[in-house]
$ cat my_file.tsv   # TSV, C-alpha atoms and all ligand atoms
chain	number	residue	atom	x	y	z
A	59	MET	CA	14.77	-9.40	17.13
A	60	HIS	CA	12.96	-11.54	14.62
A	61	GLU	CA	15.60	-14.15	15.41
A	62	LEU	CA	13.20	-15.31	18.10
A	63	ALA	CA	10.67	-16.46	15.50
A	64	LEU	CA	13.40	-18.42	13.71
A	65	ALA	CA	14.70	-19.91	16.94
A	66	GLU	CA	11.19	-21.08	17.84
A	67	ALA	CA	10.95	-22.68	14.41
A	68	VAL	CA	14.24	-24.51	14.99
A	69	LEU	CA	13.05	-25.96	18.31
A	70	ASP	CA	9.65	-26.91	16.87
A	71	ALA	CA	11.35	-28.65	13.95
A	72	ALA	CA	13.80	-30.45	16.25
A	73	LEU	CA	11.00	-31.71	18.47
A	74	GLU	CA	9.02	-32.80	15.42
A	75	THR	CA	12.03	-34.83	14.30
A	76	ALA	CA	12.36	-36.34	17.78
A	77	GLU	CA	8.69	-37.30	17.57
A	78	LEU	CA	9.07	-38.88	14.12
A	79	GLU	CA	12.21	-40.82	15.00
A	80	GLY	CA	11.01	-41.78	18.46
A	81	LEU	CA	13.91	-40.11	20.27
A	82	SER	CA	13.56	-39.54	23.99
A	83	LEU	CA	16.60	-37.28	24.22
A	84	LEU	CA	18.16	-34.91	21.72
A	85	THR	CA	21.88	-34.94	22.38
A	86	ARG	CA	23.02	-32.43	19.77
A	87	ILE	CA	21.55	-29.96	17.30
A	88	GLU	CA	23.77	-28.26	14.76
A	89	ILE	CA	22.40	-25.06	13.35
A	90	ARG	CA	23.89	-23.28	10.35
A	91	LEU	CA	23.45	-19.56	10.01
A	92	GLY	CA	23.93	-18.34	6.45
A	93	GLU	CA	26.11	-15.26	6.25
A	94	LEU	CA	23.67	-13.60	3.82
A	95	GLN	CA	21.01	-13.24	6.53
A	96	GLN	CA	23.47	-11.61	8.96
A	97	ILE	CA	22.21	-13.27	12.11
A	98	GLY	CA	24.73	-13.06	14.91
A	99	LYS	CA	25.90	-16.41	16.22
A	100	GLU	CA	25.91	-15.17	19.81
A	101	THR	CA	22.50	-13.55	19.46
A	102	PHE	CA	20.99	-16.70	18.03
A	103	GLY	CA	22.57	-18.92	20.67
A	104	PHE	CA	21.33	-16.57	23.38
A	105	VAL	CA	17.78	-16.44	22.02
A	106	LEU	CA	17.68	-20.23	21.74
A	107	GLY	CA	18.76	-20.53	25.36
A	108	GLU	CA	16.08	-18.08	26.44
A	109	ILE	CA	13.22	-19.94	24.79
A	110	MET	CA	14.41	-23.46	25.62
A	111	PRO	CA	11.36	-25.01	27.29
A	112	ALA	CA	12.40	-26.03	30.81
A	113	ALA	CA	9.66	-28.64	31.00
A	114	GLU	CA	10.78	-30.45	27.84
A	115	PRO	CA	12.82	-33.51	28.89
A	116	ARG	CA	14.00	-34.18	25.34
A	117	LEU	CA	15.85	-30.87	25.35
A	118	ALA	CA	17.14	-31.12	28.90
A	119	SER	CA	20.78	-31.78	28.05
A	120	THR	CA	21.02	-30.91	24.38
A	121	ARG	CA	24.26	-29.50	23.07
A	122	ILE	CA	23.59	-26.78	20.54
A	123	ASP	CA	26.27	-25.93	18.01
A	124	VAL	CA	25.78	-22.81	15.95
A	125	VAL	CA	28.00	-22.51	12.89
A	126	VAL	CA	28.15	-19.56	10.50
A	127	GLU	CA	28.24	-20.61	6.87
A	128	PRO	CA	29.88	-18.12	4.49
A	129	ALA	CA	27.66	-16.90	1.66
A	130	ARG	CA	28.65	-17.79	-1.90
A	131	PHE	CA	27.06	-16.58	-5.09
A	132	ARG	CA	27.15	-17.54	-8.75
A	133	CYS	CA	25.98	-15.09	-11.36
A	134	ARG	CA	23.58	-16.69	-13.80
A	135	ARG	CA	24.25	-14.06	-16.44
A	136	CYS	CA	28.06	-14.01	-16.55
A	137	GLU	CA	28.99	-17.07	-14.44
A	138	GLU	CA	31.07	-14.97	-12.02
A	139	ARG	CA	31.47	-16.54	-8.59
A	140	PHE	CA	31.65	-14.14	-5.68
A	141	CYS	CA	31.34	-13.84	-1.93
A	142	MET	CA	29.51	-11.44	0.36
A	143	SER	CA	32.25	-8.82	0.59
A	144	GLN	CA	32.61	-8.74	-3.21
A	145	ALA	CA	28.91	-8.25	-3.95
A	146	VAL	CA	27.80	-4.73	-4.85
A	147	GLY	CA	25.52	-3.39	-2.10
A	148	PRO	CA	23.58	-3.20	0.11
A	149	GLU	CA	23.62	0.56	-0.15
A	150	ASN	CA	22.21	1.42	3.28
A	151	VAL	CA	21.10	-0.04	6.59
A	152	ASP	CA	17.48	-0.43	5.51
A	153	ALA	CA	18.55	-2.54	2.55
A	154	ALA	CA	20.73	-4.66	4.82
A	155	GLU	CA	17.85	-5.00	7.28
A	156	ALA	CA	15.50	-6.09	4.48
A	157	ILE	CA	17.94	-8.86	3.49
A	158	HIS	CA	18.25	-9.81	7.15
A	159	LEU	CA	14.46	-10.24	7.31
A	160	ILE	CA	13.97	-11.90	3.89
A	161	PRO	CA	17.27	-13.14	2.40
A	162	GLU	CA	15.80	-13.33	-1.14
A	163	LEU	CA	15.75	-9.53	-1.10
A	164	ALA	CA	19.42	-9.86	-1.93
A	165	HIS	CA	18.08	-9.86	-5.48
A	166	ALA	CA	16.63	-6.40	-4.90
A	167	PHE	CA	19.65	-4.96	-3.13
A	168	LEU	CA	22.81	-6.86	-4.17
A	169	ARG	CA	24.44	-7.04	-7.60
A	170	CYS	CA	27.03	-9.21	-9.30
A	171	PRO	CA	30.40	-7.43	-9.02
A	172	ALA	CA	31.32	-8.35	-12.61
A	173	CYS	CA	28.18	-7.52	-14.61
A	174	CYS	CA	25.82	-5.81	-12.13
A	175	SER	CA	23.10	-8.43	-12.62
A	176	PRO	CA	20.60	-9.26	-9.87
A	177	ASP	CA	20.23	-12.71	-11.42
A	178	PHE	CA	22.58	-14.71	-9.24
A	179	GLU	CA	22.24	-17.93	-7.34
A	180	VAL	CA	23.00	-18.16	-3.64
A	181	THR	CA	24.94	-21.40	-3.69
A	182	GLN	CA	25.47	-21.50	0.07
A	183	GLY	CA	25.03	-19.48	3.22
A	184	ARG	CA	21.49	-18.21	2.66
A	185	GLY	CA	19.77	-18.40	6.04
A	186	VAL	CA	18.97	-20.59	9.03
A	187	SER	CA	19.05	-24.34	8.59
A	188	ILE	CA	19.35	-27.37	10.80
A	189	HIS	CA	22.38	-29.31	9.70
A	190	ALA	CA	22.21	-32.18	12.17
A	191	ILE	CA	19.94	-33.54	14.85
A	192	GLU	CA	21.36	-36.30	17.04
A	193	GLY	CA	19.57	-38.18	19.76
A	194	GLU	CA	18.84	-41.48	21.41
B	31	MET	CA	16.66	-29.46	7.20
B	32	ASP	CA	14.50	-26.39	6.83
B	33	PRO	CA	13.02	-25.37	10.19
B	34	ARG	CA	10.76	-22.73	8.69
B	35	ARG	CA	7.91	-25.04	7.89
B	36	ALA	CA	7.48	-25.82	11.56
B	37	GLY	CA	7.66	-22.07	12.14
B	38	ILE	CA	4.77	-21.41	9.78
B	39	GLU	CA	2.47	-23.67	11.76
B	40	ARG	CA	3.29	-21.78	14.91
B	41	ARG	CA	2.81	-18.39	13.26
B	42	LEU	CA	-0.60	-19.33	11.85
B	43	HIS	CA	-1.75	-21.15	14.94
B	44	SER	CA	-4.04	-18.35	16.14
B	45	VAL	CA	-5.49	-17.56	12.72
B	46	LYS	CA	-9.03	-18.87	12.55
B	47	ARG	CA	-9.62	-18.72	8.81
B	48	ILE	CA	-7.47	-18.09	5.77
B	49	VAL	CA	-9.12	-16.86	2.59
B	50	ALA	CA	-6.86	-17.01	-0.46
B	51	VAL	CA	-8.10	-14.81	-3.27
B	52	THR	CA	-7.08	-16.36	-6.55
B	53	GLY	CA	-8.16	-16.77	-10.16
B	54	GLY	CA	-5.02	-17.60	-12.07
B	55	LYS	CA	-5.33	-14.64	-14.43
B	56	GLY	CA	-3.77	-11.21	-13.89
B	57	GLY	CA	-5.77	-7.99	-13.98
B	58	ILE	CA	-9.13	-9.44	-12.95
B	59	GLY	CA	-9.35	-7.70	-9.58
B	60	LYS	CA	-7.81	-10.17	-7.12
B	61	SER	CA	-5.92	-7.42	-5.35
B	62	LEU	CA	-8.86	-5.05	-5.28
B	63	ILE	CA	-11.11	-7.80	-3.91
B	64	SER	CA	-8.51	-8.91	-1.33
B	65	SER	CA	-8.05	-5.35	-0.10
B	66	ALA	CA	-11.76	-4.61	-0.12
B	67	LEU	CA	-12.60	-7.89	1.61
B	68	ALA	CA	-10.11	-7.11	4.37
B	69	LEU	CA	-11.70	-3.68	4.69
B	70	VAL	CA	-15.24	-4.98	4.84
B	71	LEU	CA	-14.33	-7.64	7.40
B	72	SER	CA	-12.56	-5.17	9.64
B	73	GLU	CA	-15.61	-2.88	9.44
B	74	ARG	CA	-17.41	-5.76	11.17
B	75	GLU	CA	-14.84	-5.66	13.92
B	76	LEU	CA	-13.34	-8.95	12.90
B	77	SER	CA	-9.61	-8.98	13.50
B	78	THR	CA	-8.32	-9.12	9.96
B	79	GLY	CA	-4.96	-9.58	8.29
B	80	LEU	CA	-4.04	-8.93	4.68
B	81	LEU	CA	-1.05	-10.69	3.16
B	82	ASP	CA	-0.01	-9.57	-0.31
B	83	LEU	CA	1.59	-12.69	-1.77
B	84	ASP	CA	2.24	-11.06	-5.12
B	85	LEU	CA	5.89	-10.74	-4.16
B	86	THR	CA	7.08	-9.24	-7.42
B	87	GLY	CA	4.05	-7.04	-8.08
B	88	PRO	CA	2.49	-6.09	-4.74
B	89	CYS	CA	-0.26	-3.49	-4.91
B	90	ASP	CA	-2.61	-3.82	-1.94
B	91	HIS	CA	-0.86	-0.79	-0.44
B	92	VAL	CA	-2.02	1.23	-3.44
B	93	PHE	CA	-5.67	0.24	-2.94
B	94	LEU	CA	-5.67	0.82	0.82
B	95	GLY	CA	-3.06	3.55	0.94
B	96	PHE	CA	-0.88	2.04	3.61
B	97	GLU	CA	2.63	3.31	4.13
B	98	THR	CA	5.54	1.20	3.01
B	99	GLY	CA	8.80	1.19	4.92
B	100	LEU	CA	10.34	-1.56	7.01
B	101	PRO	CA	7.98	-3.23	9.46
B	102	SER	CA	9.20	-3.45	13.03
B	103	GLU	CA	11.10	-6.43	14.19
B	104	VAL	CA	9.88	-7.55	17.61
B	105	PHE	CA	10.06	-11.30	18.24
B	106	GLY	CA	9.30	-11.66	14.54
B	107	ILE	CA	8.09	-9.22	11.90
B	108	GLU	CA	5.05	-7.22	12.92
B	109	PRO	CA	2.38	-6.52	10.30
B	110	VAL	CA	1.71	-2.83	9.73
B	111	ILE	CA	-1.68	-1.87	11.15
B	112	HIS	CA	-3.74	0.30	8.80
B	113	HIS	CA	-7.36	1.12	9.60
B	114	GLY	CA	-7.38	-1.85	11.91
B	115	ILE	CA	-6.13	-4.23	9.19
B	116	ARG	CA	-2.83	-6.01	9.81
B	117	CYS	CA	-1.03	-5.68	6.51
B	118	MET	CA	2.07	-7.43	5.21
B	119	SER	CA	3.52	-6.84	1.78
B	120	MET	CA	6.83	-7.03	-0.03
B	121	ALA	CA	6.38	-3.31	-0.66
B	122	HIS	CA	7.25	-2.75	3.01
B	123	PHE	CA	10.73	-4.07	2.40
B	124	VAL	CA	11.59	-2.75	-1.02
B	125	GLY	CA	9.45	0.34	-1.63
B	126	GLU	CA	9.40	0.91	-5.38
B	127	ARG	CA	12.39	-1.26	-6.21
B	128	PRO	CA	11.93	-4.22	-8.53
B	129	VAL	CA	12.28	-7.65	-6.92
B	130	PRO	CA	13.64	-9.99	-9.61
B	131	LEU	CA	12.99	-13.47	-8.25
B	132	ARG	CA	13.18	-16.85	-9.90
B	133	GLY	CA	10.74	-19.58	-8.91
B	134	GLU	CA	12.70	-21.10	-6.08
B	135	ASP	CA	13.44	-17.67	-4.67
B	136	VAL	CA	9.76	-16.78	-4.78
B	137	SER	CA	9.01	-19.88	-2.78
B	138	ASN	CA	11.82	-19.22	-0.31
B	139	ALA	CA	10.79	-15.62	0.24
B	140	LEU	CA	7.21	-16.67	0.76
B	141	VAL	CA	8.15	-19.37	3.25
B	142	GLU	CA	10.40	-16.94	5.14
B	143	LEU	CA	7.66	-14.31	5.28
B	144	LEU	CA	5.15	-16.84	6.59
B	145	ALA	CA	7.63	-18.20	9.13
B	146	VAL	CA	8.43	-14.88	10.76
B	147	THR	CA	5.30	-12.71	10.44
B	148	ARG	CA	3.51	-12.47	13.77
B	149	TRP	CA	-0.16	-12.07	12.93
B	150	GLY	CA	-1.31	-12.69	16.46
B	151	GLU	CA	-4.95	-13.64	16.93
B	152	LEU	CA	-6.85	-13.22	13.68
B	153	ASP	CA	-10.41	-14.05	12.78
B	154	VAL	CA	-9.48	-13.97	9.10
B	155	LEU	CA	-6.29	-13.69	7.11
B	156	VAL	CA	-6.95	-12.60	3.54
B	157	VAL	CA	-4.20	-13.71	1.17
B	158	ASP	CA	-3.89	-11.88	-2.14
B	159	MET	CA	-2.49	-14.42	-4.59
B	160	PRO	CA	-0.37	-13.54	-7.61
B	161	PRO	CA	-1.53	-14.64	-11.07
B	162	GLY	CA	-0.49	-18.05	-12.31
B	163	LEU	CA	-0.47	-21.58	-10.98
B	164	GLY	CA	3.21	-21.53	-10.07
B	165	ASP	CA	5.13	-21.20	-6.84
B	166	ALA	CA	2.70	-19.16	-4.78
B	167	MET	CA	-0.23	-21.39	-5.65
B	168	LEU	CA	1.72	-24.58	-5.01
B	169	ASP	CA	3.00	-23.18	-1.72
B	170	ALA	CA	-0.49	-22.10	-0.68
B	171	LEU	CA	-1.67	-25.67	-1.28
B	172	ARG	CA	1.39	-27.10	0.48
B	173	LEU	CA	1.68	-24.78	3.47
B	174	LEU	CA	-1.72	-23.18	4.00
B	175	ARG	CA	-3.67	-26.39	4.30
B	176	GLN	CA	-6.61	-24.68	5.97
B	177	ALA	CA	-6.89	-22.04	3.25
B	178	GLU	CA	-10.25	-21.51	1.60
B	179	PHE	CA	-10.01	-20.28	-1.97
B	180	LEU	CA	-12.09	-17.40	-3.23
B	181	VAL	CA	-11.87	-17.59	-7.00
B	182	VAL	CA	-12.28	-14.36	-8.94
B	183	ALA	CA	-13.37	-14.35	-12.58
B	184	THR	CA	-14.76	-12.02	-15.18
B	185	GLY	CA	-17.13	-12.86	-18.01
B	186	SER	CA	-14.41	-12.64	-20.65
B	187	ARG	CA	-13.71	-15.90	-22.41
B	188	VAL	CA	-9.95	-15.54	-22.04
B	189	VAL	CA	-10.40	-15.12	-18.31
B	190	LEU	CA	-12.79	-18.05	-18.05
B	191	GLU	CA	-10.27	-20.19	-19.91
B	192	THR	CA	-7.66	-19.61	-17.20
B	193	VAL	CA	-10.05	-19.64	-14.26
B	194	ARG	CA	-11.28	-23.04	-15.42
B	195	ARG	CA	-7.73	-24.40	-15.16
B	196	THR	CA	-7.42	-22.86	-11.72
B	197	LEU	CA	-10.64	-24.47	-10.53
B	198	ARG	CA	-9.55	-27.80	-11.93
B	199	MET	CA	-6.23	-27.57	-10.15
B	200	LEU	CA	-7.90	-26.65	-6.87
B	201	SER	CA	-10.37	-29.48	-7.25
B	202	GLU	CA	-7.67	-32.04	-8.11
B	203	ASN	CA	-5.77	-30.99	-5.01
B	204	GLY	CA	-8.79	-31.33	-2.79
B	205	ALA	CA	-8.66	-27.64	-1.89
B	206	ASN	CA	-11.53	-25.97	-0.11
B	207	VAL	CA	-13.20	-23.57	-2.57
B	208	LEU	CA	-15.49	-20.90	-1.12
B	209	GLY	CA	-16.86	-20.18	-4.54
B	210	VAL	CA	-16.48	-18.06	-7.65
B	211	LEU	CA	-17.04	-14.32	-7.54
B	212	GLU	CA	-17.61	-12.41	-10.76
B	213	ASN	CA	-15.84	-9.06	-11.05
B	214	MET	CA	-16.09	-6.14	-13.50
B	215	GLN	CA	-19.54	-7.10	-14.61
B	216	ARG	CA	-20.74	-4.87	-17.48
B	217	GLU	CA	-23.94	-6.59	-18.44
B	218	GLU	CA	-25.89	-9.64	-17.42
B	219	SER	CA	-23.93	-12.69	-18.44
B	220	VAL	CA	-23.97	-16.29	-17.34
B	221	GLY	CA	-20.42	-17.47	-18.11
B	222	VAL	CA	-19.07	-17.22	-14.57
B	223	GLU	CA	-22.16	-18.70	-12.98
B	224	GLU	CA	-22.08	-21.62	-15.41
B	225	LEU	CA	-18.43	-22.21	-14.66
B	226	ALA	CA	-19.16	-22.36	-10.93
B	227	ARG	CA	-22.01	-24.79	-11.52
B	228	CYS	CA	-19.80	-26.91	-13.73
B	229	PHE	CA	-17.36	-27.40	-10.83
B	230	GLY	CA	-20.08	-27.77	-8.25
B	231	VAL	CA	-18.90	-24.78	-6.24
B	232	PRO	CA	-21.02	-21.81	-5.09
B	233	PHE	CA	-21.49	-18.84	-7.38
B	234	LEU	CA	-20.97	-15.88	-5.07
B	235	GLY	CA	-22.50	-13.13	-7.20
B	236	SER	CA	-21.19	-10.25	-9.27
B	237	LEU	CA	-19.36	-7.01	-8.58
B	238	PRO	CA	-19.92	-4.18	-11.06
B	239	LEU	CA	-17.34	-2.51	-13.26
B	240	ASP	CA	-16.82	0.67	-11.31
B	241	GLY	CA	-15.70	3.77	-13.17
B	242	GLY	CA	-15.01	5.71	-9.97
B	243	LEU	CA	-12.64	3.19	-8.43
B	244	GLU	CA	-9.46	4.82	-9.66
B	245	GLU	CA	-10.24	8.13	-7.90
B	246	ALA	CA	-11.03	6.38	-4.63
B	247	MET	CA	-7.83	4.36	-4.56
B	248	GLY	CA	-5.52	4.88	-1.61
B	249	ASP	CA	-8.23	6.47	0.52
B	250	VAL	CA	-9.96	3.92	2.72
B	251	ALA	CA	-13.05	6.04	3.39
B	252	ARG	CA	-13.63	6.75	-0.30
B	253	LEU	CA	-12.85	3.19	-1.28
B	254	ALA	CA	-15.37	1.94	1.27
B	255	ALA	CA	-18.03	4.12	-0.38
B	256	THR	CA	-17.53	2.87	-3.97
B	257	PRO	CA	-20.25	0.79	-5.65
B	258	VAL	CA	-17.87	-2.14	-6.09
B	259	VAL	CA	-17.00	-2.29	-2.39
B	260	ALA	CA	-20.67	-1.80	-1.50
B	261	ALA	CA	-21.51	-4.79	-3.69
B	262	LEU	CA	-18.79	-6.85	-2.04
B	263	ARG	CA	-20.10	-5.84	1.38
B	264	ARG	CA	-23.51	-7.23	0.42
B	265	ARG	CA	-21.92	-10.50	-0.69
B	266	THR	CA	-19.72	-11.01	2.38
B	267	GLY	CA	-22.24	-13.21	4.13
B	268	VAL	CA	-22.45	-15.46	1.08
B	269	ILE	CA	-18.68	-15.48	0.67
B	270	SER	CA	-18.04	-16.47	4.27
B	271	GLY	CA	-20.32	-19.50	3.99
B	272	SER	CA	-20.47	-20.70	7.58
B	273	GLY	CA	-19.69	-17.13	8.66
B	274	PHE	CA	-16.62	-15.42	10.00
B	275	ALA	CA	-16.72	-15.84	13.74
B	276	ARG	CA	-15.53	-12.99	15.90
B	277	SER	CA	-13.10	-13.81	18.64
A	301	LIG	N1	-14.87	-3.91	-10.35
A	301	LIG	C1	-13.94	-3.12	-10.88
A	301	LIG	N2	-14.29	-1.95	-11.48
A	301	LIG	C2	-13.35	-1.15	-12.03
A	301	LIG	N3	-12.05	-1.41	-12.03
A	301	LIG	C3	-11.63	-2.54	-11.43
A	301	LIG	C4	-12.54	-3.46	-10.81
A	301	LIG	N4	-11.84	-4.48	-10.30
A	301	LIG	C5	-10.55	-4.23	-10.56
A	301	LIG	N5	-10.41	-3.07	-11.25
A	301	LIG	C6	-9.16	-2.48	-11.74
A	301	LIG	O1	-8.52	-3.41	-12.59
A	301	LIG	C7	-7.12	-3.36	-12.43
A	301	LIG	C8	-6.58	-4.73	-12.03
A	301	LIG	O2	-7.06	-5.04	-10.73
A	301	LIG	P1	-6.17	-5.86	-9.69
A	301	LIG	O3	-6.98	-5.99	-8.46
A	301	LIG	O4	-4.83	-5.27	-9.58
A	301	LIG	O5	-6.11	-7.25	-10.48
A	301	LIG	P2	-5.23	-8.56	-10.14
A	301	LIG	O6	-4.81	-8.47	-8.72
A	301	LIG	O7	-6.18	-9.69	-10.41
A	301	LIG	O8	-4.10	-8.56	-11.10
A	301	LIG	C9	-6.84	-2.29	-11.40
A	301	LIG	O9	-6.57	-1.09	-12.06
A	301	LIG	C10	-8.16	-2.21	-10.64
A	301	LIG	O10	-8.35	-0.94	-10.07
A	302	MG	MG	-2.86	-8.55	-7.86
A	303	ZN	ZN	27.45	-11.30	-13.49
$ encode --input "my_file.tsv" --output "structure tokens"
Amino acid sequence: MHELALAEAVLDAALETAELEGLSLLTRIEIRLGELQQIGKETFGFVLGEIMPAAEPRLASTRIDVVVEPARFRCRRCEERFCMSQAVGPENVDAAEAIHLIPELAHAFLRCPACCSPDFEVTQGRGVSIHAIEGE
Amino acid sequence: MDPRRAGIERRLHSVKRIVAVTGGKGGIGKSLISSALALVLSERELSTGLLDLDLTGPCDHVFLGFETGLPSEVFGIEPVIHHGIRCMSMAHFVGERPVPLRGEDVSNALVELLAVTRWGELDVLVVDMPPGLGDAMLDALRLLRQAEFLVVATGSRVVLETVRRTLRMLSENGANVLGVLENMQREESVGVEELARCFGVPFLGSLPLDGGLEEAMGDVARLAATPVVAALRRRTGVISGSGFARS
């Protein structure tokens, strides 16, 4: 359940933004979950709900949208473009768990389907990001 | 927007001091000194963490003999406790596999690791830095603002050449430098001490070249009894400057 640590980071970052922009209410936060990290949308939404600070007026009526972003890769060696289901690996649950914890470990456990290289770029869908913060 | 930076602050909130062991050059004993420092501090009942930031060439687990294998995932990633030291290393995730990472990936992995590792309350977090002045160094300066740098050097001129650049970079960035510690001393020499004086930072003393180190590796009790660790133990007070306060 390391999702909790990431969810806390999302709320901290959102409140920091509210602070910077002088917002008294955050109306909407859109979170993107990169497919590579394999964080469940429901799990993440649930965890966020659990840690939402009740005493924080700026988050009192915030709509939270969680969107899963498909992972896309480009091989730097052979230029092949591929998606998650086409990548070679991960070979077992521990490898998948390692990528779940640190997405860059894709380079240790995934390979380009065309040339077997670990030297690929994750062009989208890496991990957790905040796509939009709206407020007033 | 990347939320992880905010996460790092939260994760390091209860860490009193961060000592980053650096030097710029490879093979000068940064990992040995990081591991040994963590050991010596935990002997003093300070709650101590050890973060191996050499993501592509981790080796603190070899010095201290801690098990690799996935750390547990409870509200974050839990460091693996070994002889009272809370250890975190890439070796936990990949075992003996190579981790081919380009610069941006190194930075991303490092940020992720810092954002999700739950150190808890620590008196000191020792950070073993990789060689070079690249991603890890820039990220340490960017993200670990409270870090104090312990610079390792040896008397060799090729080492001093690189350590000098490291010290200059740290100084230009306004980093807090604990001082320069000489390692692998064979005979009396003044190169490292002069370098420290030149930058106006403390010279922290010398650790001997220790022929028995290799045999003691991986066994905490034997490592603790080596002349090099004994010498480090004697220098800990000097290294800590204002002292490492126990919580
Ligand atoms: N004082 C010393 N005496 C003997 N061997 C040492 C000493 N310090 C380091 N070494 C050895 O030198 C090698 C490089 O040390 P390491 O700590 O891995 O360097 P770095 O982390 O700076 O690359 C290792 O084999 C280590 O055991
Ligand atoms: Mg090292
Ligand atoms: Zn390829």
$ interface_residues --input "my_file.tsv" --of "chain B" --to "chain A" --cutoff "9 Å" --atoms "all atoms listed in the file" --output "ChimeraX atom specification"
/B:31-41,99-100,103-107,123-124,127-132,135-136,138-140,142-143,145-148
$ residues_near_ligand --input "my_file.tsv" --ligand "ligand LIG 301 (chain A)" --cutoff "7 Å" --atoms "all atoms listed in the file" --output "PyMOL selection string"
chain B and resi 55-63+89+160-161+213-214+237-241+243-244+258
$ atom_distance --input "my_file.tsv" --atom1 "CA of Gly273 (chain B)" --atom2 "CA of Leu225 (chain B)"
23.9 Å
$ residues_near_ligand --input "my_file.tsv" --ligand "ligand ZN 303 (chain A)" --cutoff "9 Å" --atoms "only C-alpha atoms and all ligand atoms" --output "PDB file with C-alpha atoms, keeping the file's coordinate frame"
ATOM      1  CA  ARG A 132      27.150 -17.540  -8.750  1.00  0.00           C
ATOM      2  CA  CYS A 133      25.980 -15.090 -11.360  1.00  0.00           C
ATOM      3  CA  ARG A 134      23.580 -16.690 -13.800  1.00  0.00           C
ATOM      4  CA  ARG A 135      24.250 -14.060 -16.440  1.00  0.00           C
ATOM      5  CA  CYS A 136      28.060 -14.010 -16.550  1.00  0.00           C
ATOM      6  CA  GLU A 137      28.990 -17.070 -14.440  1.00  0.00           C
ATOM      7  CA  GLU A 138      31.070 -14.970 -12.020  1.00  0.00           C
ATOM      8  CA  ARG A 139      31.470 -16.540  -8.590  1.00  0.00           C
ATOM      9  CA  ARG A 169      24.440  -7.040  -7.600  1.00  0.00           C
ATOM     10  CA  CYS A 170      27.030  -9.210  -9.300  1.00  0.00           C
ATOM     11  CA  PRO A 171      30.400  -7.430  -9.020  1.00  0.00           C
ATOM     12  CA  ALA A 172      31.320  -8.350 -12.610  1.00  0.00           C
ATOM     13  CA  CYS A 173      28.180  -7.520 -14.610  1.00  0.00           C
ATOM     14  CA  CYS A 174      25.820  -5.810 -12.130  1.00  0.00           C
ATOM     15  CA  SER A 175      23.100  -8.430 -12.620  1.00  0.00           C
ATOM     16  CA  PRO A 176      20.600  -9.260  -9.870  1.00  0.00           C
ATOM     17  CA  ASP A 177      20.230 -12.710 -11.420  1.00  0.00           C
ATOM     18  CA  PHE A 178      22.580 -14.710  -9.240  1.00  0.00           C
TER      19      PHE A 178
END
$ atom_distance --input "my_file.tsv" --atom1 "CA of Pro257 (chain B)" --atom2 "CA of Val220 (chain B)"
21.0 Å
$ residues_near_point --input "my_file.tsv" --point "(-14.8, 1.9, -0.3)" --cutoff "12 Å" --atoms "all atoms listed in the file" --output "short mmCIF file (atom, residue, chain, number, x, y, z; two decimals) with C-alpha atoms, in the frame of the given file"
data_model
loop_
_atom_site.label_atom_id
_atom_site.label_comp_id
_atom_site.auth_asym_id
_atom_site.auth_seq_id
_atom_site.Cartn_x
_atom_site.Cartn_y
_atom_site.Cartn_z
CA LEU B 62 -8.86 -5.05 -5.28
CA ILE B 63 -11.11 -7.80 -3.91
CA SER B 65 -8.05 -5.35 -0.10
CA ALA B 66 -11.76 -4.61 -0.12
CA LEU B 67 -12.60 -7.89 1.61
CA ALA B 68 -10.11 -7.11 4.37
CA LEU B 69 -11.70 -3.68 4.69
CA VAL B 70 -15.24 -4.98 4.84
CA GLU B 73 -15.61 -2.88 9.44
CA PHE B 93 -5.67 0.24 -2.94
CA LEU B 94 -5.67 0.82 0.82
CA GLY B 95 -3.06 3.55 0.94
CA ASP B 240 -16.82 0.67 -11.31
CA GLY B 242 -15.01 5.71 -9.97
CA LEU B 243 -12.64 3.19 -8.43
CA GLU B 244 -9.46 4.82 -9.66
CA GLU B 245 -10.24 8.13 -7.90
CA ALA B 246 -11.03 6.38 -4.63
CA MET B 247 -7.83 4.36 -4.56
CA GLY B 248 -5.52 4.88 -1.61
CA ASP B 249 -8.23 6.47 0.52
CA VAL B 250 -9.96 3.92 2.72
CA ALA B 251 -13.05 6.04 3.39
CA ARG B 252 -13.63 6.75 -0.30
CA LEU B 253 -12.85 3.19 -1.28
CA ALA B 254 -15.37 1.94 1.27
CA ALA B 255 -18.03 4.12 -0.38
CA THR B 256 -17.53 2.87 -3.97
CA PRO B 257 -20.25 0.79 -5.65
CA VAL B 258 -17.87 -2.14 -6.09
CA VAL B 259 -17.00 -2.29 -2.39
CA ALA B 260 -20.67 -1.80 -1.50
CA ALA B 261 -21.51 -4.79 -3.69
CA LEU B 262 -18.79 -6.85 -2.04
CA ARG B 263 -20.10 -5.84 1.38
#
$ residues_around --input "my_file.tsv" --residues "region 112-128 of chain A" --least-positions-apart "4" --cutoff "7 Å" --atoms "only C-alpha atoms" --output "VMD selection string"
chain A and resid 82 to 93 99 103 183
$ write_last_selection --input "my_file.tsv" --atoms "C-alpha atoms" --output "compact mmCIF listing (two decimals), keeping the file's coordinate frame"
# COMPACT_ATOMS: atom_id res chain seq x y z
CA SER A 82 13.56 -39.54 23.99
CA LEU A 83 16.60 -37.28 24.22
CA LEU A 84 18.16 -34.91 21.72
CA THR A 85 21.88 -34.94 22.38
CA ARG A 86 23.02 -32.43 19.77
CA ILE A 87 21.55 -29.96 17.30
CA GLU A 88 23.77 -28.26 14.76
CA ILE A 89 22.40 -25.06 13.35
CA ARG A 90 23.89 -23.28 10.35
CA LEU A 91 23.45 -19.56 10.01
CA GLY A 92 23.93 -18.34 6.45
CA GLU A 93 26.11 -15.26 6.25
CA LYS A 99 25.90 -16.41 16.22
CA GLY A 103 22.57 -18.92 20.67
CA GLY A 183 25.03 -19.48 3.22
